[in-house]
Structure formats: structure tokens, C-alpha cells
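Next up, input04.cif (mmCIF, C-alpha atoms and all ligand atoms):
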```
data_protein
loop_
_atom_site.label_atom_id
_atom_site.label_comp_id
_atom_site.auth_asym_id
_atom_site.auth_seq_id
_atom_site.Cartn_x
_atom_site.Cartn_y
_atom_site.Cartn_z
CA MET B 883 -54.67 -38.42 -36.17
CA ARG B 884 -58.09 -38.17 -34.56
CA VAL B 885 -60.55 -35.80 -36.23
CA TYR B 886 -63.68 -34.22 -34.77
CA ILE B 887 -66.15 -32.88 -37.35
CA LEU B 888 -68.90 -30.45 -36.36
CA THR B 889 -71.68 -30.28 -38.95
CA ASP B 890 -74.47 -27.86 -39.74
CA LEU B 891 -77.00 -27.83 -42.57
CA GLU B 892 -77.22 -24.24 -43.81
CA GLY B 893 -73.76 -24.22 -45.38
CA VAL B 894 -74.09 -27.53 -47.20
CA THR B 895 -73.83 -27.88 -50.99
CA GLY B 896 -77.16 -27.08 -52.66
CA VAL B 897 -78.91 -25.59 -49.61
CA THR B 898 -80.18 -22.04 -50.13
CA LEU B 899 -83.67 -21.81 -48.58
CA TRP B 900 -84.94 -21.95 -44.99
CA ARG B 901 -87.55 -24.47 -46.17
CA GLN B 902 -84.71 -26.95 -46.81
CA THR B 903 -83.52 -26.79 -43.20
CA GLY B 904 -86.38 -28.34 -41.26
CA PRO B 905 -89.01 -31.09 -41.42
CA THR B 906 -91.98 -28.79 -42.20
CA HIS B 907 -91.24 -29.25 -45.91
CA ARG B 908 -90.42 -32.95 -45.91
CA GLU B 909 -89.10 -33.41 -49.44
CA ALA B 910 -86.93 -30.30 -49.38
CA TYR B 911 -85.52 -31.26 -45.98
CA LEU B 912 -84.84 -34.86 -47.02
CA GLU B 913 -82.94 -33.63 -50.07
CA ALA B 914 -80.88 -31.31 -47.86
CA ARG B 915 -80.04 -34.21 -45.55
CA ARG B 916 -78.84 -36.26 -48.53
CA LEU B 917 -76.67 -33.33 -49.59
CA LEU B 918 -75.35 -33.05 -46.02
CA MET B 919 -74.35 -36.70 -46.06
CA ALA B 920 -72.55 -36.22 -49.38
CA ASP B 921 -70.54 -33.28 -48.01
CA ILE B 922 -69.67 -35.25 -44.87
CA SER B 923 -68.66 -38.27 -46.93
CA ALA B 924 -66.33 -36.22 -49.11
CA VAL B 925 -64.68 -34.67 -46.05
CA VAL B 926 -64.28 -38.02 -44.31
CA ASP B 927 -62.69 -39.37 -47.51
CA GLY B 928 -60.20 -36.49 -47.29
CA CYS B 929 -59.51 -37.25 -43.64
CA VAL B 930 -58.82 -40.89 -44.47
CA ASP B 931 -56.59 -39.83 -47.39
CA GLY B 932 -54.68 -37.66 -44.91
CA GLY B 933 -54.12 -40.47 -42.42
CA ALA B 934 -57.02 -40.15 -39.96
CA THR B 935 -57.21 -42.97 -37.44
CA ARG B 936 -60.51 -41.87 -35.91
CA VAL B 937 -63.24 -39.60 -37.31
CA THR B 938 -66.19 -38.48 -35.19
CA VAL B 939 -69.05 -36.47 -36.74
CA LEU B 940 -71.42 -34.38 -34.61
CA ASP B 941 -74.92 -33.75 -35.98
CA GLY B 942 -75.00 -30.07 -35.04
CA HIS B 943 -78.00 -28.64 -36.91
CA GLY B 944 -80.98 -27.57 -34.80
CA CYS B 945 -83.30 -30.44 -35.70
CA PRO B 946 -82.48 -33.27 -33.33
CA TYR B 947 -81.76 -35.80 -36.06
CA ASN B 948 -80.37 -34.91 -39.49
CA MET B 949 -78.13 -37.87 -40.31
CA LEU B 950 -79.15 -40.61 -42.76
CA PRO B 951 -77.34 -43.63 -41.30
CA GLU B 952 -77.21 -45.62 -44.53
CA LEU B 953 -75.31 -42.75 -46.15
CA MET B 954 -72.78 -42.25 -43.35
CA HIS B 955 -69.18 -42.89 -44.38
CA PRO B 956 -68.13 -46.24 -42.88
CA ALA B 957 -64.88 -44.77 -41.54
CA ALA B 958 -66.79 -42.36 -39.26
CA GLU B 959 -68.73 -42.68 -36.05
CA TYR B 960 -71.36 -40.07 -35.33
CA ILE B 961 -73.09 -38.35 -32.44
CA CYS B 962 -76.71 -37.26 -32.83
CA GLY B 963 -79.98 -36.97 -30.97
CA LYS B 964 -81.10 -34.72 -28.13
CA GLY B 965 -79.16 -33.61 -25.07
CA PHE B 966 -75.53 -33.62 -26.17
CA PRO B 967 -73.07 -34.16 -23.33
CA ARG B 968 -71.17 -31.08 -22.17
CA GLY B 969 -68.11 -30.86 -24.42
CA TRP B 970 -69.89 -32.86 -27.15
CA GLY B 971 -67.71 -35.91 -26.43
CA MET B 972 -64.49 -34.09 -27.30
CA GLU B 973 -62.90 -34.98 -23.96
CA GLU B 974 -62.14 -38.37 -25.49
CA GLY B 975 -59.22 -36.65 -27.26
CA TYR B 976 -58.86 -35.28 -30.78
CA ASP B 977 -55.95 -33.80 -32.71
CA LEU B 978 -57.86 -31.51 -35.02
CA GLY B 979 -61.34 -30.20 -35.68
CA MET B 980 -63.34 -29.40 -38.81
CA GLN B 981 -66.65 -27.68 -39.52
CA VAL B 982 -68.80 -28.81 -42.45
CA GLY B 983 -71.89 -26.94 -43.68
CA ALA B 984 -71.09 -23.81 -41.69
CA HIS B 985 -72.85 -20.46 -42.18
CA ALA B 986 -71.96 -16.86 -41.40
CA MET B 987 -73.13 -14.97 -38.31
CA CYS B 988 -76.33 -12.95 -37.97
CA ARG B 989 -76.65 -9.94 -40.33
CA THR B 990 -73.71 -10.89 -42.58
CA ALA B 991 -74.09 -9.20 -45.97
CA ASN B 992 -74.94 -11.84 -48.60
CA GLY B 993 -74.43 -14.60 -46.03
CA VAL B 994 -76.51 -17.58 -47.18
CA LEU B 995 -78.97 -18.48 -44.38
CA CYS B 996 -76.80 -16.44 -42.02
CA HIS B 997 -77.77 -16.38 -38.33
CA THR B 998 -76.35 -17.13 -34.91
CA GLN B 999 -78.12 -19.96 -33.07
CA ASN B 1000 -81.67 -18.79 -33.88
CA HIS B 1001 -82.59 -17.41 -37.27
CA THR B 1002 -85.98 -15.99 -36.23
CA THR B 1003 -84.84 -13.83 -33.29
CA ASP B 1004 -81.96 -11.84 -34.84
CA ALA B 1005 -79.76 -13.29 -32.09
CA ARG B 1006 -76.27 -11.79 -31.77
CA TYR B 1007 -73.57 -13.12 -29.41
CA PHE B 1008 -70.65 -11.07 -28.08
CA TYR B 1009 -67.67 -12.38 -26.09
CA HIS B 1010 -65.15 -9.92 -24.65
CA GLY B 1011 -67.12 -7.34 -26.67
CA ARG B 1012 -66.50 -8.99 -30.07
CA GLU B 1013 -69.45 -10.36 -32.01
CA MET B 1014 -69.03 -14.04 -32.87
CA GLY B 1015 -71.12 -16.48 -34.85
CA GLU B 1016 -71.42 -20.23 -34.79
CA ILE B 1017 -68.08 -20.80 -36.53
CA ALA B 1018 -66.21 -19.08 -33.69
CA GLN B 1019 -68.46 -20.71 -31.10
CA GLY B 1020 -67.67 -24.16 -32.50
CA ALA B 1021 -63.96 -23.36 -32.65
CA LEU B 1022 -64.07 -22.18 -29.01
CA GLU B 1023 -65.63 -25.48 -27.93
CA MET B 1024 -62.82 -27.28 -29.74
CA GLY B 1025 -60.25 -24.88 -28.32
CA HIS B 1026 -61.36 -25.72 -24.78
CA PHE B 1027 -59.97 -29.20 -25.42
CA GLY B 1028 -56.84 -27.90 -27.17
CA VAL B 1029 -58.22 -28.88 -30.57
CA PRO B 1030 -57.49 -26.50 -33.48
CA CYS B 1031 -60.21 -25.94 -36.09
CA VAL B 1032 -58.31 -26.40 -39.35
CA PHE B 1033 -61.10 -26.75 -41.92
CA VAL B 1034 -64.38 -24.95 -42.57
CA SER B 1035 -66.79 -25.44 -45.47
CA GLY B 1036 -69.85 -23.34 -46.27
CA ASP B 1037 -70.68 -20.36 -48.46
CA ASP B 1038 -68.06 -17.75 -49.29
CA ALA B 1039 -69.19 -15.54 -46.38
CA ALA B 1040 -68.71 -18.41 -43.91
CA CYS B 1041 -65.23 -18.99 -45.36
CA ARG B 1042 -64.30 -15.32 -44.90
CA GLU B 1043 -65.58 -15.41 -41.33
CA ALA B 1044 -63.57 -18.58 -40.64
CA ARG B 1045 -60.36 -16.95 -41.86
CA ASP B 1046 -61.11 -13.82 -39.76
CA PHE B 1047 -61.32 -15.86 -36.58
CA LEU B 1048 -59.04 -18.80 -37.28
CA GLY B 1049 -56.37 -17.32 -39.53
CA GLU B 1050 -55.15 -17.86 -43.06
CA HIS B 1051 -53.85 -21.38 -42.42
CA CYS B 1052 -57.36 -22.70 -41.77
CA VAL B 1053 -58.46 -24.48 -44.98
CA THR B 1054 -61.76 -23.09 -46.25
CA VAL B 1055 -63.90 -24.59 -49.01
CA ALA B 1056 -66.68 -22.44 -50.48
CA VAL B 1057 -69.46 -24.60 -51.91
CA LYS B 1058 -71.58 -21.57 -52.91
CA LYS B 1059 -71.40 -17.79 -53.23
CA GLY B 1060 -74.22 -15.79 -51.67
CA PHE B 1061 -76.24 -13.13 -53.43
CA GLY B 1062 -78.57 -12.74 -50.47
CA ARG B 1063 -79.79 -14.59 -47.40
CA GLN B 1064 -81.72 -17.11 -49.54
CA CYS B 1065 -79.99 -16.85 -52.91
CA ALA B 1066 -76.63 -18.16 -54.07
CA SER B 1067 -74.55 -19.20 -57.03
CA LEU B 1068 -73.98 -22.92 -56.52
CA LEU B 1069 -71.56 -25.62 -57.58
CA ALA B 1070 -72.65 -29.15 -58.43
CA PRO B 1071 -72.24 -31.81 -55.72
CA ALA B 1072 -69.74 -33.68 -57.90
CA ARG B 1073 -67.59 -30.55 -58.02
CA THR B 1074 -67.89 -29.63 -54.33
CA GLY B 1075 -67.25 -33.25 -53.37
CA ALA B 1076 -63.84 -33.10 -55.03
CA LEU B 1077 -63.06 -29.72 -53.42
CA LEU B 1078 -64.15 -30.89 -49.97
CA ARG B 1079 -62.10 -34.07 -50.18
CA ALA B 1080 -58.97 -32.23 -51.32
CA GLY B 1081 -59.48 -29.51 -48.68
CA ALA B 1082 -59.89 -31.99 -45.83
CA ARG B 1083 -56.82 -33.88 -46.96
CA GLU B 1084 -54.83 -30.63 -46.98
CA ALA B 1085 -56.18 -29.68 -43.54
CA MET B 1086 -54.86 -32.95 -42.10
CA GLN B 1087 -51.36 -31.57 -42.68
CA ARG B 1088 -52.06 -28.23 -40.98
CA ALA B 1089 -52.91 -29.04 -37.37
CA HIS B 1090 -49.59 -27.56 -36.23
CA LEU B 1091 -50.15 -24.30 -38.15
CA VAL B 1092 -53.51 -23.33 -36.62
CA PRO B 1093 -53.61 -22.57 -32.88
CA PRO B 1094 -56.66 -23.75 -30.92
CA MET B 1095 -59.09 -20.83 -30.52
CA VAL B 1096 -59.14 -19.72 -26.89
CA LEU B 1097 -60.27 -16.56 -25.09
CA PRO B 1098 -59.03 -15.20 -21.75
CA LEU B 1099 -61.13 -16.62 -18.86
CA PRO B 1100 -63.60 -15.79 -17.54
CA ILE B 1101 -65.42 -14.61 -20.68
CA PRO B 1102 -67.75 -11.60 -20.43
CA ALA B 1103 -70.71 -12.41 -22.69
CA ARG B 1104 -73.73 -10.61 -24.10
CA VAL B 1105 -76.61 -11.81 -26.25
CA GLU B 1106 -79.10 -9.57 -28.01
CA THR B 1107 -82.37 -11.03 -29.31
CA LEU B 1108 -85.69 -9.79 -30.59
CA LEU B 1109 -88.50 -9.67 -28.04
CA GLU B 1110 -90.70 -11.54 -30.54
CA PRO B 1111 -89.55 -13.89 -33.34
CA VAL B 1112 -90.13 -12.81 -36.95
CA ASP B 1113 -90.87 -14.74 -40.14
CA ASP B 1114 -87.99 -16.02 -42.28
CA ASP B 1115 -88.39 -13.48 -45.04
CA VAL B 1116 -88.68 -10.18 -43.13
CA PRO B 1117 -85.88 -7.95 -44.52
CA ALA B 1118 -82.87 -7.32 -42.28
CA SER B 1119 -83.39 -3.57 -42.41
CA GLN B 1120 -86.82 -3.99 -40.75
CA ILE B 1121 -85.60 -6.54 -38.21
CA ALA B 1122 -82.88 -4.27 -36.83
CA ALA B 1123 -85.49 -1.61 -35.97
CA LEU B 1124 -87.71 -3.97 -33.90
CA PRO B 1125 -87.36 -4.05 -30.08
CA HIS B 1126 -84.57 -6.28 -28.70
CA ARG B 1127 -83.64 -7.52 -25.25
CA VAL B 1128 -80.07 -7.76 -23.96
CA ARG B 1129 -78.76 -10.42 -21.57
CA GLU B 1130 -75.29 -10.20 -20.08
CA GLY B 1131 -73.27 -12.67 -18.05
CA VAL B 1132 -69.88 -14.20 -17.46
CA CYS B 1133 -68.77 -17.61 -18.75
CA ALA B 1134 -66.32 -19.51 -16.55
CA THR B 1135 -65.10 -21.54 -19.56
CA ALA B 1136 -65.79 -21.83 -23.28
CA LEU B 1137 -68.18 -24.68 -22.53
CA ASP B 1138 -70.54 -22.12 -21.00
CA ILE B 1139 -70.81 -19.75 -23.96
CA TYR B 1140 -74.32 -20.83 -24.97
CA SER B 1141 -75.75 -21.05 -21.46
CA PHE B 1142 -74.52 -18.06 -19.47
ZN ZN I 1201 -78.11 -25.10 -38.58
#
```
As C-alpha cells, please, write out the structure in this file.
Amino acid sequence: MRVYILTDLEGVTGVTLWRQTGPTHREAYLEARRLLMADISAVVDGCVDGGATRVTVLDGHGCPYNMLPELMHPAAEYICGKGFPRGWGMEEGYDLGMQVGAHAMCRTANGVLCHTQNHTTDARYFYHGREMGEIAQGALEMGHFGVPCVFVSGDDAACREARDFLGEHCVTVAVKKGFGRQCASLLAPARTGALLRAGAREAMQRAHLVPPMVLPLPIPARVETLLEPVDDDVPASQIAALPHRVREGVCATALDIYSF
């Protein structure tokens, strides 16, 4: 079984603040990267437990390089850097997909670090008229290659969103419970590590239960964004009232959903 793992940073164990998600605050960001590697390692352990023959990890968070090579699980290979190939290398062939460190879409109530693609522009993405966040976007990329997304970890809001889009058979592991966009009740890495490993192992048995996420083609798409970015801590109620621009287009395939 070949596993493709898409990673993000906001939904990782122990990450609750924007300052942890980028290099401006070096120490906080470095700690978050260590926590990311621990979550990945636990999930790869679960994949290996479940019989994985190949595990590929994509460094999907916005900064071009989040991985700490010396902490990468030796059973995995990983893709990182700038300018990912179209399809993120998935055309090489995978049996199932996973998302680690995922976060809920823009404006999700109590979604820890929730956003879609850009957290300073209140960006919202709609396909066939339904709003979707990064979890669905990642699952659609996988679905283009016939790969089902069978595992998602993040906060409890990300897990709910994953089940909404991917169904009850998708394994979800909540590593924190949000009280707000930058506040959560957290579990210790030793505890989440065990949960992530067990969840990934379980997901390895579920590829046949979760259909790949696909939409009818072509895909009508719309994105709404603020005209001007805002600071991290402006309340959502104020952001919604600021002027937005709308862009509409049509995506020939799911590989075009970010670039229409
Ligand atoms: Zn991210």
C-alpha cells in the first residue's frame, strides 16, 4: 500500500498561535516545526504498522521549507521547497491519502487558526456553489488521481469538516479542541502521538470504504477575498464588514482549483 501524506502546520499538536506558523518568530516557529515532525513520525509509524510499502510526505504549509530532515521518519520520503509540480507528484501512483496538521476553513466557529489559503485576506473558496476549505481542496487533488483521503488530523473543527466532506469512514484524530481562533485545549505530544499512530494504522484498513473525492467537471469556482489584508488579530465580525472582491472562473480539472 502506497500512502501520500499532505501536511500543514496549523493543525499540528501544540500549535495555537499565528506566531508559531512562520519564521518571523524564530523560536516559536522552530518549536512548531519540531511538533510537526513528531506528528508526521507518529502517522508514518501507523502507516508502517498497517503495511505501507511507500510513504511520501508533502510539506504543504505556506513557508517554503518546514521539514527538519534529521527528524523525518526513515520510512518516508518527502517533497518540499518552492514550485511543486502540478499534481504534487501523485501521478506516481498511491493507494490512499492522509492529511496531517489540517485546519478548518475560513470563518469556522472556534476553528484553531482557521483560514483557507490566506489567513490575512479572509479568503473563501466555492466550487459548484459550495464553500470548501483546504481539507476538501487537498482531498480533491488526491481524488483527481483516484486516491481516497482516509485520515485527517487537526483540531476538532478540522475533524468535523473532514467528516462532512469525506464521510464517517474517514479516520479523524483531534489533537486539540478550539476555544477560539488562537486558543485551544491541548493534549500532550506523547498522548497525540499514540492517537495519531493508532488512527493511521486504522486508516490503512479503510481505503476501500472511502471514495476518492471528485466533483463533476468542469468545476465552476468563485473566490472572495478582502481588498486589503488585515492583521492576524482583527475580530471576524469586523473582517466580514470590510470590502471584498469576487473572482469567478471555471476549472477544467481538480488540479486547477487554486489557479482558475
Ligand atoms: Zn498552513
Kindly assemble as a Markdown table a list of the segment 1010-1094 of chain B residues that lie within 8 Å of segment 967-987 of chain B, each paired with its nearest atom pair and their distance in Å to one decimal, using all atoms listed in the file, sorted first by chain and then by ascending residue number.
```
| residue | atom | partner | partner_atom | distance |
| --- | --- | --- | --- | --- |
| B:Met1014 | CA | B:Met987 | CA | 6.9 |
| B:Gly1015 | CA | B:Met987 | CA | 4.3 |
| B:Glu1016 | CA | B:Met987 | CA | 6.6 |
| B:Ile1017 | CA | B:Ala984 | CA | 6.7 |
| B:Gly1020 | CA | B:Gln981 | CA | 7.9 |
| B:Ala1021 | CA | B:Gly979 | CA | 7.9 |
| B:Glu1023 | CA | B:Gly969 | CA | 6.9 |
| B:Met1024 | CA | B:Gly979 | CA | 6.8 |
| B:Phe1027 | CA | B:Glu973 | CA | 6.6 |
| B:Val1029 | CA | B:Leu978 | CA | 5.2 |
| B:Pro1030 | CA | B:Leu978 | CA | 5.3 |
| B:Cys1031 | CA | B:Gly979 | CA | 4.4 |
| B:Val1032 | CA | B:Met980 | CA | 5.9 |
| B:Phe1033 | CA | B:Met980 | CA | 4.7 |
| B:Val1034 | CA | B:Gln981 | CA | 4.7 |
| B:Ser1035 | CA | B:Val982 | CA | 5.0 |
| B:Gly1036 | CA | B:Ala984 | CA | 4.8 |
| B:Asp1037 | CA | B:His985 | CA | 6.6 |
| B:Ala1039 | CA | B:Ala986 | CA | 5.8 |
| B:Ala1040 | CA | B:Ala986 | CA | 4.4 |
| B:Glu1043 | CA | B:Ala986 | CA | 6.5 |
| B:Met1086 | CA | B:Leu978 | CA | 7.8 |
| B:Ala1089 | CA | B:Leu978 | CA | 6.0 |
```
*Two-atom distance - atom CA of Val1112 of chain B, atom CA of Leu1137 of chain B (Å)*: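 Interatomic distance, atom CA of Val1112 of chain B to atom CA of Leu1137 of chain B: 28.8 Å.
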*asked:* What's around Gly1060 of chain B at 8 Å? Count only C-alpha atoms, leave out sequence neighbours fewer than 3 positions away in its own chain, and write the answer as JSON, numbers by chain.
replied: {"B": [992, 993, 994, 1037, 1038, 1039, 1063, 1064, 1065, 1066, 1067]}
Residues of the last selection are to be written out with C-alpha atoms, as a PDB file, in the frame of the given file.
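Output (out.pdb):
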```pdb
ATOM      1  CA  ASN B 992     -74.940 -11.840 -48.600  1.00  0.00           C
ATOM      2  CA  GLY B 993     -74.430 -14.600 -46.030  1.00  0.00           C
ATOM      3  CA  VAL B 994     -76.510 -17.580 -47.180  1.00  0.00           C
ATOM      4  CA  ASP B1037     -70.680 -20.360 -48.460  1.00  0.00           C
ATOM      5  CA  ASP B1038     -68.060 -17.750 -49.290  1.00  0.00           C
ATOM      6  CA  ALA B1039     -69.190 -15.540 -46.380  1.00  0.00           C
ATOM      7  CA  ARG B1063     -79.790 -14.590 -47.400  1.00  0.00           C
ATOM      8  CA  GLN B1064     -81.720 -17.110 -49.540  1.00  0.00           C
ATOM      9  CA  CYS B1065     -79.990 -16.850 -52.910  1.00  0.00           C
ATOM     10  CA  ALA B1066     -76.630 -18.160 -54.070  1.00  0.00           C
ATOM     11  CA  SER B1067     -74.550 -19.200 -57.030  1.00  0.00           C
TER      12      SER B1067
END
```
_At a cut-off of 7 Å around ligand ZN 1201 (chain I), and using all atoms listed in the file, what residues come up? Please write them as a PyMOL selection string._
chain B and resi 890-892+942-944
_Nearest residue to Val937 of chain B out of B:Ile887, B:Ala910, B:Leu1077, B:Leu1097, using all atoms listed in the file?_
B:Ile887
Six-sided padding of 8 Å per side, axis-aligned box over segment 991-995 of chain B, centre and edges in Å, one decimal, as lines of an AutoDock Vina configuration file:
```
center_x = -76.5
center_y = -13.8
center_z = -46.5
size_x = 20.9
size_y = 25.3
size_z = 20.2
```
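Atom CA of Pro1094 of chain B to atom CA of Lys964 of chain B spans 26.9 Å [interatomic distance, one decimal].
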Which residues are near Pro946 of chain B? Cut-off 12 Å, all atoms listed in the file, ignore same chain within fewer than 2 positions. Put them as a PDB file with C-alpha atoms, keeping the file's coordinate frame.
```pdb
ATOM      1  CA  ASP B 890     -74.470 -27.860 -39.740  1.00  0.00           C
ATOM      2  CA  THR B 903     -83.520 -26.790 -43.200  1.00  0.00           C
ATOM      3  CA  GLY B 904     -86.380 -28.340 -41.260  1.00  0.00           C
ATOM      4  CA  PRO B 905     -89.010 -31.090 -41.420  1.00  0.00           C
ATOM      5  CA  LEU B 940     -71.420 -34.380 -34.610  1.00  0.00           C
ATOM      6  CA  ASP B 941     -74.920 -33.750 -35.980  1.00  0.00           C
ATOM      7  CA  GLY B 942     -75.000 -30.070 -35.040  1.00  0.00           C
ATOM      8  CA  HIS B 943     -78.000 -28.640 -36.910  1.00  0.00           C
ATOM      9  CA  GLY B 944     -80.980 -27.570 -34.800  1.00  0.00           C
ATOM     10  CA  ASN B 948     -80.370 -34.910 -39.490  1.00  0.00           C
ATOM     11  CA  MET B 949     -78.130 -37.870 -40.310  1.00  0.00           C
ATOM     12  CA  ILE B 961     -73.090 -38.350 -32.440  1.00  0.00           C
ATOM     13  CA  CYS B 962     -76.710 -37.260 -32.830  1.00  0.00           C
ATOM     14  CA  GLY B 963     -79.980 -36.970 -30.970  1.00  0.00           C
ATOM     15  CA  LYS B 964     -81.100 -34.720 -28.130  1.00  0.00           C
ATOM     16  CA  GLY B 965     -79.160 -33.610 -25.070  1.00  0.00           C
ATOM     17  CA  PHE B 966     -75.530 -33.620 -26.170  1.00  0.00           C
TER      18      PHE B 966
END
```
_I'd like to know which of B:Glu952, B:Glu1013, B:Glu1084, B:Asp1004 is closest to Ala1123 of chain B, using all atoms listed in the file._
B:Asp1004
